[in-house]
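Note: the block below is coords-v8.txt and it holds compact mmCIF, N, CA and C atoms.
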```
# COMPACT_ATOMS: atom_id res chain seq x y z
N ALA G 1 1.59 5.58 -11.62
CA ALA G 1 0.86 4.68 -10.74
C ALA G 1 1.80 3.59 -10.28
N ILE G 2 1.62 3.18 -9.03
CA ILE G 2 2.46 2.13 -8.47
C ILE G 2 1.58 1.18 -7.66
N SER G 3 1.89 -0.11 -7.78
CA SER G 3 1.12 -1.13 -7.08
C SER G 3 2.02 -2.33 -6.82
N GLY G 4 1.61 -3.19 -5.89
CA GLY G 4 2.38 -4.39 -5.62
C GLY G 4 1.61 -5.34 -4.73
N HIS G 5 2.17 -6.53 -4.56
CA HIS G 5 1.56 -7.59 -3.75
C HIS G 5 2.54 -8.02 -2.67
N SER G 6 2.03 -8.14 -1.44
CA SER G 6 2.79 -8.64 -0.30
C SER G 6 4.02 -7.76 -0.05
N MET G 7 5.23 -8.32 -0.20
CA MET G 7 6.43 -7.52 -0.04
C MET G 7 6.47 -6.42 -1.09
N GLY G 8 5.97 -6.71 -2.28
CA GLY G 8 5.88 -5.70 -3.33
C GLY G 8 4.86 -4.62 -3.01
N GLY G 9 3.80 -5.01 -2.29
CA GLY G 9 2.82 -4.03 -1.81
C GLY G 9 3.45 -3.11 -0.78
N HIS G 10 4.27 -3.69 0.08
CA HIS G 10 5.04 -2.90 1.05
C HIS G 10 5.92 -1.90 0.30
N GLY G 11 6.60 -2.38 -0.73
CA GLY G 11 7.45 -1.49 -1.53
C GLY G 11 6.66 -0.39 -2.21
N ALA G 12 5.52 -0.74 -2.78
CA ALA G 12 4.70 0.26 -3.45
C ALA G 12 4.28 1.36 -2.48
N LEU G 13 3.83 0.96 -1.30
CA LEU G 13 3.40 1.95 -0.30
C LEU G 13 4.56 2.85 0.13
N THR G 14 5.69 2.24 0.45
CA THR G 14 6.81 3.05 0.95
C THR G 14 7.40 3.95 -0.13
N ILE G 15 7.54 3.43 -1.33
CA ILE G 15 8.07 4.25 -2.43
C ILE G 15 7.13 5.42 -2.71
N ALA G 16 5.84 5.15 -2.73
CA ALA G 16 4.85 6.21 -2.99
C ALA G 16 4.84 7.25 -1.88
N LEU G 17 4.98 6.81 -0.64
CA LEU G 17 4.96 7.76 0.48
C LEU G 17 6.25 8.58 0.55
N LYS G 18 7.36 8.00 0.13
CA LYS G 18 8.63 8.73 0.16
C LYS G 18 8.74 9.74 -0.98
N ASP G 19 8.09 9.47 -2.10
CA ASP G 19 8.23 10.34 -3.27
C ASP G 19 6.88 10.53 -3.97
N PRO G 20 5.93 11.16 -3.29
CA PRO G 20 4.59 11.28 -3.86
C PRO G 20 4.51 12.08 -5.15
N SER G 21 5.46 12.96 -5.39
CA SER G 21 5.39 13.77 -6.61
C SER G 21 5.68 12.94 -7.87
N SER G 22 6.20 11.75 -7.71
CA SER G 22 6.50 10.89 -8.86
C SER G 22 5.36 9.96 -9.24
N TRP G 23 4.31 9.94 -8.43
CA TRP G 23 3.23 8.98 -8.63
C TRP G 23 1.88 9.68 -8.59
N VAL G 24 0.96 9.18 -9.38
CA VAL G 24 -0.39 9.72 -9.40
C VAL G 24 -1.27 8.96 -8.42
N SER G 25 -0.94 7.68 -8.22
CA SER G 25 -1.78 6.83 -7.37
C SER G 25 -0.97 5.65 -6.85
N VAL G 26 -1.48 5.04 -5.77
CA VAL G 26 -0.83 3.88 -5.17
C VAL G 26 -1.89 2.89 -4.70
N SER G 27 -1.60 1.62 -4.94
CA SER G 27 -2.48 0.56 -4.45
C SER G 27 -1.64 -0.65 -4.09
N ALA G 28 -2.24 -1.57 -3.33
CA ALA G 28 -1.51 -2.77 -2.92
C ALA G 28 -2.47 -3.91 -2.65
N PHE G 29 -1.97 -5.10 -2.91
CA PHE G 29 -2.65 -6.34 -2.56
C PHE G 29 -1.91 -6.96 -1.38
N ALA G 30 -2.60 -7.17 -0.29
CA ALA G 30 -2.05 -7.84 0.89
C ALA G 30 -0.64 -7.34 1.24
N PRO G 31 -0.47 -6.02 1.41
CA PRO G 31 0.87 -5.50 1.68
C PRO G 31 1.30 -5.74 3.13
N ILE G 32 2.60 -5.83 3.31
CA ILE G 32 3.16 -5.81 4.66
C ILE G 32 3.14 -4.33 5.06
N CYS G 33 2.27 -3.97 5.98
CA CYS G 33 2.00 -2.56 6.26
C CYS G 33 2.83 -1.94 7.37
N ASN G 34 3.33 -2.76 8.28
CA ASN G 34 4.06 -2.24 9.44
C ASN G 34 5.22 -3.18 9.75
N PRO G 35 6.17 -3.30 8.81
CA PRO G 35 7.19 -4.34 8.92
C PRO G 35 8.10 -4.24 10.15
N THR G 36 8.25 -3.06 10.72
CA THR G 36 9.10 -2.98 11.91
C THR G 36 8.46 -3.66 13.12
N GLN G 37 7.19 -4.02 12.99
CA GLN G 37 6.47 -4.62 14.12
C GLN G 37 6.09 -6.09 13.87
N VAL G 38 6.65 -6.70 12.84
CA VAL G 38 6.29 -8.09 12.53
C VAL G 38 7.55 -8.93 12.31
N PRO G 39 7.42 -10.26 12.43
CA PRO G 39 8.59 -11.14 12.30
C PRO G 39 9.35 -10.98 10.97
N TRP G 40 8.64 -10.82 9.86
CA TRP G 40 9.32 -10.66 8.58
C TRP G 40 10.26 -9.46 8.62
N GLY G 41 9.76 -8.32 9.09
CA GLY G 41 10.56 -7.11 9.16
C GLY G 41 11.72 -7.23 10.12
N ASP G 42 11.49 -7.88 11.25
CA ASP G 42 12.55 -8.10 12.22
C ASP G 42 13.72 -8.83 11.56
N LYS G 43 13.41 -9.89 10.87
CA LYS G 43 14.44 -10.69 10.20
C LYS G 43 15.11 -9.91 9.06
N ALA G 44 14.30 -9.29 8.21
CA ALA G 44 14.84 -8.59 7.04
C ALA G 44 15.65 -7.36 7.43
N PHE G 45 15.12 -6.53 8.30
CA PHE G 45 15.82 -5.29 8.64
C PHE G 45 17.11 -5.57 9.40
N LYS G 46 17.11 -6.55 10.28
CA LYS G 46 18.36 -6.90 10.97
C LYS G 46 19.38 -7.43 9.98
N ALA G 47 18.95 -8.28 9.05
CA ALA G 47 19.88 -8.88 8.09
C ALA G 47 20.41 -7.86 7.09
N TYR G 48 19.55 -6.99 6.58
CA TYR G 48 19.96 -6.10 5.49
C TYR G 48 20.36 -4.70 5.93
N LEU G 49 19.78 -4.23 7.04
CA LEU G 49 20.07 -2.86 7.47
C LEU G 49 20.78 -2.79 8.82
N GLY G 50 20.92 -3.92 9.48
CA GLY G 50 21.62 -3.96 10.75
C GLY G 50 20.75 -3.85 11.98
N SER G 51 19.54 -3.34 11.81
CA SER G 51 18.64 -3.21 12.96
C SER G 51 17.20 -2.97 12.50
N VAL G 52 16.28 -3.27 13.37
CA VAL G 52 14.88 -2.98 13.08
C VAL G 52 14.67 -1.46 13.06
N ALA G 53 15.35 -0.75 13.93
CA ALA G 53 15.22 0.71 13.97
C ALA G 53 15.58 1.34 12.63
N ALA G 54 16.56 0.78 11.96
CA ALA G 54 16.95 1.29 10.64
C ALA G 54 15.83 1.07 9.62
N GLY G 55 14.95 0.13 9.89
CA GLY G 55 13.83 -0.15 9.01
C GLY G 55 12.69 0.85 9.09
N GLU G 56 12.69 1.71 10.09
CA GLU G 56 11.63 2.71 10.24
C GLU G 56 11.48 3.55 8.97
N ALA G 57 12.58 3.83 8.30
CA ALA G 57 12.56 4.63 7.08
C ALA G 57 11.96 3.87 5.90
N HIS G 58 11.66 2.59 6.13
CA HIS G 58 11.11 1.74 5.08
C HIS G 58 9.84 1.05 5.56
N ASP G 59 9.10 1.70 6.40
CA ASP G 59 7.88 1.16 6.99
C ASP G 59 6.75 2.13 6.67
N ALA G 60 5.77 1.67 5.88
CA ALA G 60 4.70 2.56 5.42
C ALA G 60 3.94 3.22 6.58
N THR G 61 3.66 2.45 7.60
CA THR G 61 2.94 3.00 8.75
C THR G 61 3.78 4.07 9.44
N SER G 62 5.05 3.79 9.66
CA SER G 62 5.95 4.77 10.29
C SER G 62 6.08 6.02 9.43
N LEU G 63 6.20 5.85 8.12
CA LEU G 63 6.34 7.01 7.23
C LEU G 63 5.11 7.90 7.28
N LEU G 64 3.95 7.29 7.30
CA LEU G 64 2.70 8.06 7.35
C LEU G 64 2.58 8.81 8.68
N LEU G 65 2.89 8.13 9.77
CA LEU G 65 2.82 8.77 11.09
C LEU G 65 3.86 9.89 11.21
N GLU G 66 5.04 9.65 10.69
CA GLU G 66 6.09 10.67 10.73
C GLU G 66 5.68 11.90 9.94
N ARG G 67 5.02 11.69 8.82
CA ARG G 67 4.55 12.80 7.99
C ARG G 67 3.55 13.64 8.78
N GLY G 68 2.63 12.97 9.47
CA GLY G 68 1.68 13.65 10.33
C GLY G 68 0.52 14.34 9.64
N SER G 69 0.42 14.18 8.33
CA SER G 69 -0.65 14.81 7.57
C SER G 69 -0.92 13.96 6.33
N PRO G 70 -2.08 14.18 5.71
CA PRO G 70 -2.37 13.42 4.49
C PRO G 70 -1.42 13.79 3.35
N VAL G 71 -1.27 12.89 2.42
CA VAL G 71 -0.44 13.13 1.24
C VAL G 71 -1.36 13.74 0.18
N PRO G 72 -1.19 15.02 -0.14
CA PRO G 72 -2.13 15.68 -1.05
C PRO G 72 -2.17 15.08 -2.46
N GLU G 73 -1.09 14.43 -2.87
CA GLU G 73 -1.06 13.82 -4.20
C GLU G 73 -1.99 12.62 -4.32
N TYR G 74 -2.37 12.04 -3.18
CA TYR G 74 -3.21 10.83 -3.20
C TYR G 74 -4.57 11.12 -2.57
N ASP G 75 -5.59 11.17 -3.42
CA ASP G 75 -6.94 11.35 -2.89
C ASP G 75 -7.40 10.09 -2.16
N ASP G 76 -6.73 8.97 -2.41
CA ASP G 76 -7.09 7.69 -1.80
C ASP G 76 -5.92 6.74 -2.01
N ILE G 77 -5.78 5.80 -1.11
CA ILE G 77 -4.84 4.69 -1.26
C ILE G 77 -5.70 3.43 -1.22
N LEU G 78 -5.54 2.57 -2.22
CA LEU G 78 -6.37 1.37 -2.33
C LEU G 78 -5.60 0.14 -1.86
N ILE G 79 -6.23 -0.61 -0.95
CA ILE G 79 -5.66 -1.88 -0.48
C ILE G 79 -6.73 -2.95 -0.55
N ASP G 80 -6.36 -4.09 -1.12
CA ASP G 80 -7.21 -5.28 -1.09
C ASP G 80 -6.51 -6.33 -0.23
N GLN G 81 -7.30 -6.99 0.62
CA GLN G 81 -6.75 -7.97 1.55
C GLN G 81 -7.72 -9.13 1.69
N GLY G 82 -7.22 -10.34 1.58
CA GLY G 82 -8.05 -11.53 1.77
C GLY G 82 -8.24 -11.85 3.24
N THR G 83 -9.45 -12.20 3.62
CA THR G 83 -9.72 -12.51 5.03
C THR G 83 -9.17 -13.88 5.44
N SER G 84 -8.88 -14.74 4.47
CA SER G 84 -8.33 -16.07 4.78
C SER G 84 -6.83 -16.14 4.50
N ASP G 85 -6.18 -15.01 4.44
CA ASP G 85 -4.75 -14.94 4.22
C ASP G 85 -4.03 -15.39 5.49
N ASP G 86 -3.20 -16.41 5.38
CA ASP G 86 -2.48 -16.94 6.54
C ASP G 86 -1.53 -15.92 7.16
N PHE G 87 -1.13 -14.91 6.41
CA PHE G 87 -0.19 -13.91 6.91
C PHE G 87 -0.88 -12.68 7.53
N LEU G 88 -2.19 -12.60 7.41
CA LEU G 88 -2.93 -11.40 7.78
C LEU G 88 -2.63 -10.90 9.19
N MET G 89 -2.82 -11.73 10.17
CA MET G 89 -2.71 -11.28 11.57
C MET G 89 -1.27 -11.13 12.04
N ASN G 90 -0.38 -12.00 11.57
CA ASN G 90 0.97 -12.03 12.10
C ASN G 90 1.97 -11.18 11.32
N GLN G 91 1.72 -10.96 10.03
CA GLN G 91 2.73 -10.30 9.21
C GLN G 91 2.27 -9.03 8.49
N LEU G 92 1.01 -8.98 8.07
CA LEU G 92 0.58 -7.91 7.17
C LEU G 92 0.08 -6.66 7.88
N LYS G 93 -0.79 -6.81 8.84
CA LYS G 93 -1.27 -5.71 9.70
C LYS G 93 -1.86 -4.50 8.97
N PRO G 94 -2.77 -4.71 8.02
CA PRO G 94 -3.35 -3.55 7.34
C PRO G 94 -4.16 -2.67 8.29
N ASP G 95 -4.71 -3.25 9.35
CA ASP G 95 -5.48 -2.47 10.31
C ASP G 95 -4.62 -1.39 10.97
N VAL G 96 -3.35 -1.67 11.18
CA VAL G 96 -2.45 -0.69 11.79
C VAL G 96 -2.20 0.48 10.82
N PHE G 97 -2.02 0.15 9.54
CA PHE G 97 -1.83 1.20 8.53
C PHE G 97 -3.08 2.06 8.39
N VAL G 98 -4.24 1.42 8.37
CA VAL G 98 -5.50 2.15 8.24
C VAL G 98 -5.71 3.07 9.45
N ALA G 99 -5.38 2.60 10.64
CA ALA G 99 -5.51 3.44 11.84
C ALA G 99 -4.55 4.62 11.77
N ALA G 100 -3.33 4.38 11.31
CA ALA G 100 -2.36 5.48 11.16
C ALA G 100 -2.86 6.49 10.14
N ALA G 101 -3.39 6.00 9.03
CA ALA G 101 -3.92 6.89 7.99
C ALA G 101 -5.06 7.74 8.55
N LYS G 102 -5.94 7.10 9.26
CA LYS G 102 -7.07 7.83 9.86
C LYS G 102 -6.56 8.92 10.80
N SER G 103 -5.54 8.60 11.58
CA SER G 103 -5.02 9.57 12.56
C SER G 103 -4.40 10.80 11.91
N VAL G 104 -3.93 10.68 10.65
CA VAL G 104 -3.33 11.82 9.96
C VAL G 104 -4.25 12.39 8.88
N GLY G 105 -5.44 11.81 8.72
CA GLY G 105 -6.40 12.33 7.75
C GLY G 105 -6.21 11.83 6.33
N GLN G 106 -5.46 10.75 6.15
CA GLN G 106 -5.24 10.19 4.81
C GLN G 106 -6.34 9.18 4.49
N LYS G 107 -7.01 9.36 3.37
CA LYS G 107 -8.04 8.40 2.98
C LYS G 107 -7.38 7.11 2.48
N VAL G 108 -7.87 5.99 3.00
CA VAL G 108 -7.46 4.66 2.56
C VAL G 108 -8.73 3.85 2.37
N THR G 109 -8.85 3.23 1.22
CA THR G 109 -9.95 2.29 0.99
C THR G 109 -9.37 0.90 1.13
N ILE G 110 -9.87 0.15 2.10
CA ILE G 110 -9.42 -1.23 2.27
C ILE G 110 -10.60 -2.15 2.03
N ASN G 111 -10.40 -3.06 1.10
CA ASN G 111 -11.42 -4.05 0.78
C ASN G 111 -10.99 -5.39 1.38
N MET G 112 -11.70 -5.81 2.40
CA MET G 112 -11.43 -7.11 3.02
C MET G 112 -12.24 -8.14 2.24
N ARG G 113 -11.53 -8.98 1.48
CA ARG G 113 -12.15 -9.92 0.56
C ARG G 113 -12.37 -11.27 1.23
N LYS G 114 -13.65 -11.54 1.52
CA LYS G 114 -14.03 -12.75 2.25
C LYS G 114 -13.54 -14.02 1.55
N ASP G 115 -12.89 -14.85 2.34
CA ASP G 115 -12.42 -16.19 1.94
C ASP G 115 -11.26 -16.18 0.94
N PHE G 116 -10.70 -15.03 0.61
CA PHE G 116 -9.53 -15.01 -0.27
C PHE G 116 -8.26 -15.10 0.57
N ASP G 117 -7.24 -15.72 -0.02
CA ASP G 117 -5.97 -15.90 0.68
C ASP G 117 -4.89 -14.99 0.05
N HIS G 118 -3.66 -15.45 0.03
CA HIS G 118 -2.51 -14.64 -0.41
C HIS G 118 -2.07 -15.02 -1.83
N SER G 119 -2.89 -15.74 -2.55
CA SER G 119 -2.48 -16.38 -3.79
C SER G 119 -2.70 -15.52 -5.04
N TYR G 120 -2.20 -16.07 -6.15
CA TYR G 120 -2.39 -15.47 -7.46
C TYR G 120 -3.89 -15.29 -7.75
N HIS G 121 -4.68 -16.28 -7.37
CA HIS G 121 -6.13 -16.20 -7.62
C HIS G 121 -6.73 -14.94 -6.98
N PHE G 122 -6.28 -14.60 -5.81
CA PHE G 122 -6.74 -13.39 -5.12
C PHE G 122 -6.43 -12.14 -5.96
N ILE G 123 -5.22 -12.05 -6.45
CA ILE G 123 -4.83 -10.89 -7.27
C ILE G 123 -5.64 -10.88 -8.57
N ALA G 124 -5.72 -12.03 -9.22
CA ALA G 124 -6.44 -12.12 -10.49
C ALA G 124 -7.90 -11.72 -10.34
N ALA G 125 -8.48 -12.02 -9.19
CA ALA G 125 -9.90 -11.73 -8.97
C ALA G 125 -10.17 -10.22 -8.86
N PHE G 126 -9.17 -9.44 -8.44
CA PHE G 126 -9.43 -8.03 -8.15
C PHE G 126 -8.51 -7.05 -8.88
N ILE G 127 -7.65 -7.54 -9.75
CA ILE G 127 -6.72 -6.65 -10.45
C ILE G 127 -7.44 -5.61 -11.30
N GLU G 128 -8.57 -5.98 -11.86
CA GLU G 128 -9.32 -5.04 -12.69
C GLU G 128 -9.71 -3.80 -11.89
N ASN G 129 -10.05 -3.97 -10.62
CA ASN G 129 -10.39 -2.83 -9.77
C ASN G 129 -9.19 -1.90 -9.59
N HIS G 130 -8.00 -2.48 -9.47
CA HIS G 130 -6.80 -1.67 -9.28
C HIS G 130 -6.44 -0.94 -10.57
N VAL G 131 -6.60 -1.60 -11.70
CA VAL G 131 -6.34 -0.96 -12.99
C VAL G 131 -7.30 0.23 -13.17
N ALA G 132 -8.57 0.03 -12.84
CA ALA G 132 -9.55 1.11 -12.95
C ALA G 132 -9.22 2.26 -11.99
N PHE G 133 -8.82 1.92 -10.77
CA PHE G 133 -8.43 2.92 -9.76
C PHE G 133 -7.31 3.80 -10.30
N HIS G 134 -6.27 3.17 -10.82
CA HIS G 134 -5.13 3.93 -11.35
C HIS G 134 -5.50 4.65 -12.65
N GLY G 135 -6.28 3.99 -13.49
CA GLY G 135 -6.68 4.59 -14.76
C GLY G 135 -7.44 5.89 -14.56
N LYS G 136 -8.34 5.91 -13.61
CA LYS G 136 -9.13 7.11 -13.32
C LYS G 136 -8.20 8.27 -12.95
N ARG G 137 -7.21 8.00 -12.14
CA ARG G 137 -6.31 9.05 -11.68
C ARG G 137 -5.33 9.47 -12.77
N LEU G 138 -4.88 8.51 -13.56
CA LEU G 138 -3.99 8.84 -14.68
C LEU G 138 -4.71 9.68 -15.73
N ARG G 139 -5.97 9.33 -16.03
CA ARG G 139 -6.76 10.13 -16.99
C ARG G 139 -6.95 11.54 -16.48
N ALA G 140 -7.23 11.70 -15.19
CA ALA G 140 -7.41 13.03 -14.61
C ALA G 140 -6.10 13.83 -14.71
N LYS G 141 -4.99 13.19 -14.43
CA LYS G 141 -3.69 13.86 -14.52
C LYS G 141 -3.39 14.26 -15.97
N LEU G 142 -3.68 13.38 -16.90
CA LEU G 142 -3.47 13.67 -18.32
C LEU G 142 -4.32 14.86 -18.74
N GLY G 143 -5.56 14.89 -18.28
CA GLY G 143 -6.43 16.02 -18.58
C GLY G 143 -5.88 17.31 -18.04
N ASN G 144 -5.34 17.30 -16.83
CA ASN G 144 -4.73 18.49 -16.24
C ASN G 144 -3.50 18.92 -17.01
N LEU G 145 -2.71 17.97 -17.49
CA LEU G 145 -1.52 18.32 -18.28
C LEU G 145 -1.92 18.95 -19.60
N ARG G 146 -2.94 18.44 -20.23
CA ARG G 146 -3.40 18.99 -21.50
C ARG G 146 -3.87 20.43 -21.33
N ASP G 147 -4.46 20.74 -20.19
CA ASP G 147 -4.95 22.09 -19.94
C ASP G 147 -3.82 23.10 -19.82
N THR G 148 -2.60 22.64 -19.52
CA THR G 148 -1.48 23.58 -19.33
C THR G 148 -0.75 23.89 -20.64
N TYR G 149 -1.07 23.18 -21.72
CA TYR G 149 -0.38 23.40 -22.99
C TYR G 149 -1.24 24.12 -23.98
```

As structure tokens, the full file:
Amino acid sequence: AISGHSMGGHGALTIALKDPSSWVSVSAFAPICNPTQVPWGDKAFKAYLGSVAAGEAHDATSLLLERGSPVPEYDDILIDQGTSDDFLMNQLKPDVFVAAAKSVGQKVTINMRKDFDHSYHFIAAFIENHVAFHGKRLRAKLGNLRDTY
């Protein structure tokens, strides 16, 4: 299972999409979903990779669209996002990721949390849901492994 918050949420999504066989589940809190199209990604990809175009290989939305089909290893991708997050409209763009997922048939559950921002309190309020999400999938995987021995 892999999860993260903000830039770490971006990492969780991209790592999971690049190597789905290594993960049972993926979730994120307020992830940067389409970094090649936002100011943070413009700055980071130019500084670290030389260009925004080089960042396409590290953009969850681009990876999902490039794949063109759902990821069979993930029955769902869980995202929690605060509606009062100052970064929501300009940097995070979960709506773009959800639209891309829909276009390729990938299930994504996005919980828009009213009045929550980008803070620790937001994560603390909903981490139990993410633990349960991953736990359910890990238990199912463990059960499948036990059946093979």

query = In stretch 54-117 of chain G, what's helix (DSSP H, G or I) per DSSP? Answer as a VMD selection string?
reply = chain G and resid 54 to 58 60 to 67 88 to 92 94 to 104

Selection export as an mmCIF file, in the coordinates of the input, atoms kept: N, CA and C atoms:
```
data_model
loop_
_atom_site.group_PDB
_atom_site.id
_atom_site.type_symbol
_atom_site.label_atom_id
_atom_site.label_comp_id
_atom_site.auth_asym_id
_atom_site.auth_seq_id
_atom_site.Cartn_x
_atom_site.Cartn_y
_atom_site.Cartn_z
ATOM 1 N N ALA G 54 16.560 0.780 11.960
ATOM 2 C CA ALA G 54 16.950 1.290 10.640
ATOM 3 C C ALA G 54 15.830 1.070 9.620
ATOM 4 N N GLY G 55 14.950 0.130 9.890
ATOM 5 C CA GLY G 55 13.830 -0.150 9.010
ATOM 6 C C GLY G 55 12.690 0.850 9.090
ATOM 7 N N GLU G 56 12.690 1.710 10.090
ATOM 8 C CA GLU G 56 11.630 2.710 10.240
ATOM 9 C C GLU G 56 11.480 3.550 8.970
ATOM 10 N N ALA G 57 12.580 3.830 8.300
ATOM 11 C CA ALA G 57 12.560 4.630 7.080
ATOM 12 C C ALA G 57 11.960 3.870 5.900
ATOM 13 N N HIS G 58 11.660 2.590 6.130
ATOM 14 C CA HIS G 58 11.110 1.740 5.080
ATOM 15 C C HIS G 58 9.840 1.050 5.560
ATOM 16 N N ALA G 60 5.770 1.670 5.880
ATOM 17 C CA ALA G 60 4.700 2.560 5.420
ATOM 18 C C ALA G 60 3.940 3.220 6.580
ATOM 19 N N THR G 61 3.660 2.450 7.600
ATOM 20 C CA THR G 61 2.940 3.000 8.750
ATOM 21 C C THR G 61 3.780 4.070 9.440
ATOM 22 N N SER G 62 5.050 3.790 9.660
ATOM 23 C CA SER G 62 5.950 4.770 10.290
ATOM 24 C C SER G 62 6.080 6.020 9.430
ATOM 25 N N LEU G 63 6.200 5.850 8.120
ATOM 26 C CA LEU G 63 6.340 7.010 7.230
ATOM 27 C C LEU G 63 5.110 7.900 7.280
ATOM 28 N N LEU G 64 3.950 7.290 7.300
ATOM 29 C CA LEU G 64 2.700 8.060 7.350
ATOM 30 C C LEU G 64 2.580 8.810 8.680
ATOM 31 N N LEU G 65 2.890 8.130 9.770
ATOM 32 C CA LEU G 65 2.820 8.770 11.090
ATOM 33 C C LEU G 65 3.860 9.890 11.210
ATOM 34 N N GLU G 66 5.040 9.650 10.690
ATOM 35 C CA GLU G 66 6.090 10.670 10.730
ATOM 36 C C GLU G 66 5.680 11.900 9.940
ATOM 37 N N ARG G 67 5.020 11.690 8.820
ATOM 38 C CA ARG G 67 4.550 12.800 7.990
ATOM 39 C C ARG G 67 3.550 13.640 8.780
ATOM 40 N N LEU G 88 -2.190 -12.600 7.410
ATOM 41 C CA LEU G 88 -2.930 -11.400 7.780
ATOM 42 C C LEU G 88 -2.630 -10.900 9.190
ATOM 43 N N MET G 89 -2.820 -11.730 10.170
ATOM 44 C CA MET G 89 -2.710 -11.280 11.570
ATOM 45 C C MET G 89 -1.270 -11.130 12.040
ATOM 46 N N ASN G 90 -0.380 -12.000 11.570
ATOM 47 C CA ASN G 90 0.970 -12.030 12.100
ATOM 48 C C ASN G 90 1.970 -11.180 11.320
ATOM 49 N N GLN G 91 1.720 -10.960 10.030
ATOM 50 C CA GLN G 91 2.730 -10.300 9.210
ATOM 51 C C GLN G 91 2.270 -9.030 8.490
ATOM 52 N N LEU G 92 1.010 -8.980 8.070
ATOM 53 C CA LEU G 92 0.580 -7.910 7.170
ATOM 54 C C LEU G 92 0.080 -6.660 7.880
ATOM 55 N N PRO G 94 -2.770 -4.710 8.020
ATOM 56 C CA PRO G 94 -3.350 -3.550 7.340
ATOM 57 C C PRO G 94 -4.160 -2.670 8.290
ATOM 58 N N ASP G 95 -4.710 -3.250 9.350
ATOM 59 C CA ASP G 95 -5.480 -2.470 10.310
ATOM 60 C C ASP G 95 -4.620 -1.390 10.970
ATOM 61 N N VAL G 96 -3.350 -1.670 11.180
ATOM 62 C CA VAL G 96 -2.450 -0.690 11.790
ATOM 63 C C VAL G 96 -2.200 0.480 10.820
ATOM 64 N N PHE G 97 -2.020 0.150 9.540
ATOM 65 C CA PHE G 97 -1.830 1.200 8.530
ATOM 66 C C PHE G 97 -3.080 2.060 8.390
ATOM 67 N N VAL G 98 -4.240 1.420 8.370
ATOM 68 C CA VAL G 98 -5.500 2.150 8.240
ATOM 69 C C VAL G 98 -5.710 3.070 9.450
ATOM 70 N N ALA G 99 -5.380 2.600 10.640
ATOM 71 C CA ALA G 99 -5.510 3.440 11.840
ATOM 72 C C ALA G 99 -4.550 4.620 11.770
ATOM 73 N N ALA G 100 -3.330 4.380 11.310
ATOM 74 C CA ALA G 100 -2.360 5.480 11.160
ATOM 75 C C ALA G 100 -2.860 6.490 10.140
ATOM 76 N N ALA G 101 -3.390 6.000 9.030
ATOM 77 C CA ALA G 101 -3.920 6.890 7.990
ATOM 78 C C ALA G 101 -5.060 7.740 8.550
ATOM 79 N N LYS G 102 -5.940 7.100 9.260
ATOM 80 C CA LYS G 102 -7.070 7.830 9.860
ATOM 81 C C LYS G 102 -6.560 8.920 10.800
ATOM 82 N N SER G 103 -5.540 8.600 11.580
ATOM 83 C CA SER G 103 -5.020 9.570 12.560
ATOM 84 C C SER G 103 -4.400 10.800 11.910
ATOM 85 N N VAL G 104 -3.930 10.680 10.650
ATOM 86 C CA VAL G 104 -3.330 11.820 9.960
ATOM 87 C C VAL G 104 -4.250 12.390 8.880
#
```

Strand (DSSP E or B) per DSSP on the backbone: members of chain G, as a count of residues only = 20

message = Just want the 7 Å neighbourhood of stretch 110-124 of chain G, counted on only N, CA and C atoms, with same-chain residues fewer than 5 positions away dropped. Output as a PyMOL selection string.
response = chain G and resi 29-30+77-87

Stretch 63-76 of chain G, all listed atoms, 3 Å padding on each side: what axis-aligned box centre and edge lengths in Å to one decimal come out, as lines of an AutoDock Vina configuration file?
```
center_x = -0.5
center_y = 10.8
center_z = 3.4
size_x = 19.7
size_y = 15.8
size_z = 21.5
```

request  = Take atom CA of G:His134 and atom CA of G:Gly55 and report the distance between them in Å, one decimal.
outcome  =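 Between these atoms lies a distance of 28.1 Å.
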
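One finds atom CA of G:Pro31 at 9.7 Å from atom CA of G:Ala60.
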
request  = Using only N, CA and C atoms, determine which residues lie at most 7 Å from G:Ser3, disregarding the query and same-chain residues fewer than 3 positions distant; provide the list as a PyMOL selection string.
outcome  = chain G and resi 8-9+11-13+25-29

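Atom C of G:Met7 is found 21.1 Å from atom C of G:Glu73.
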
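Of the listed residues G:Ile127, G:Ala100, G:Ile15, G:Val38, the one whose atoms come nearest to G:Ala57 is G:Ile15, with distances taken using only C-alpha atoms.
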
key: Residue nearest G:Cys33 - candidates G:Pro94, G:Gly105, G:Gly135, G:Gly50, atoms counted: only C-alpha atoms   = G:Pro94

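Distance annotation: of G:Tyr74, G:Trp40, G:Phe45, G:Trp23, the residue with the minimal separation from G:Val108 is G:Tyr74; atom set is only C-alpha atoms.
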
inquiry  = Between G:Asn34, G:Ser103, G:Ser22, G:Ser62, which residue has the minimum interatomic distance to G:Ala1, considering all atoms listed in the file?
reply    =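 Counting all atoms listed in the file, the residue closest to G:Ala1 is G:Ser22.
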
query = Taking only N, CA and C atoms into account, which of G:His5, G:Leu92, G:Gln106, G:Glu56 comes nearest G:Asp76?
reply =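 Smallest separation from G:Asp76 among the options: G:Gln106.
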
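With only C-alpha atoms as the basis for measurement, G:Gln37 is the residue among G:Met89, G:Gln37, G:Phe133, G:Glu66 that approaches G:Val52 most closely.
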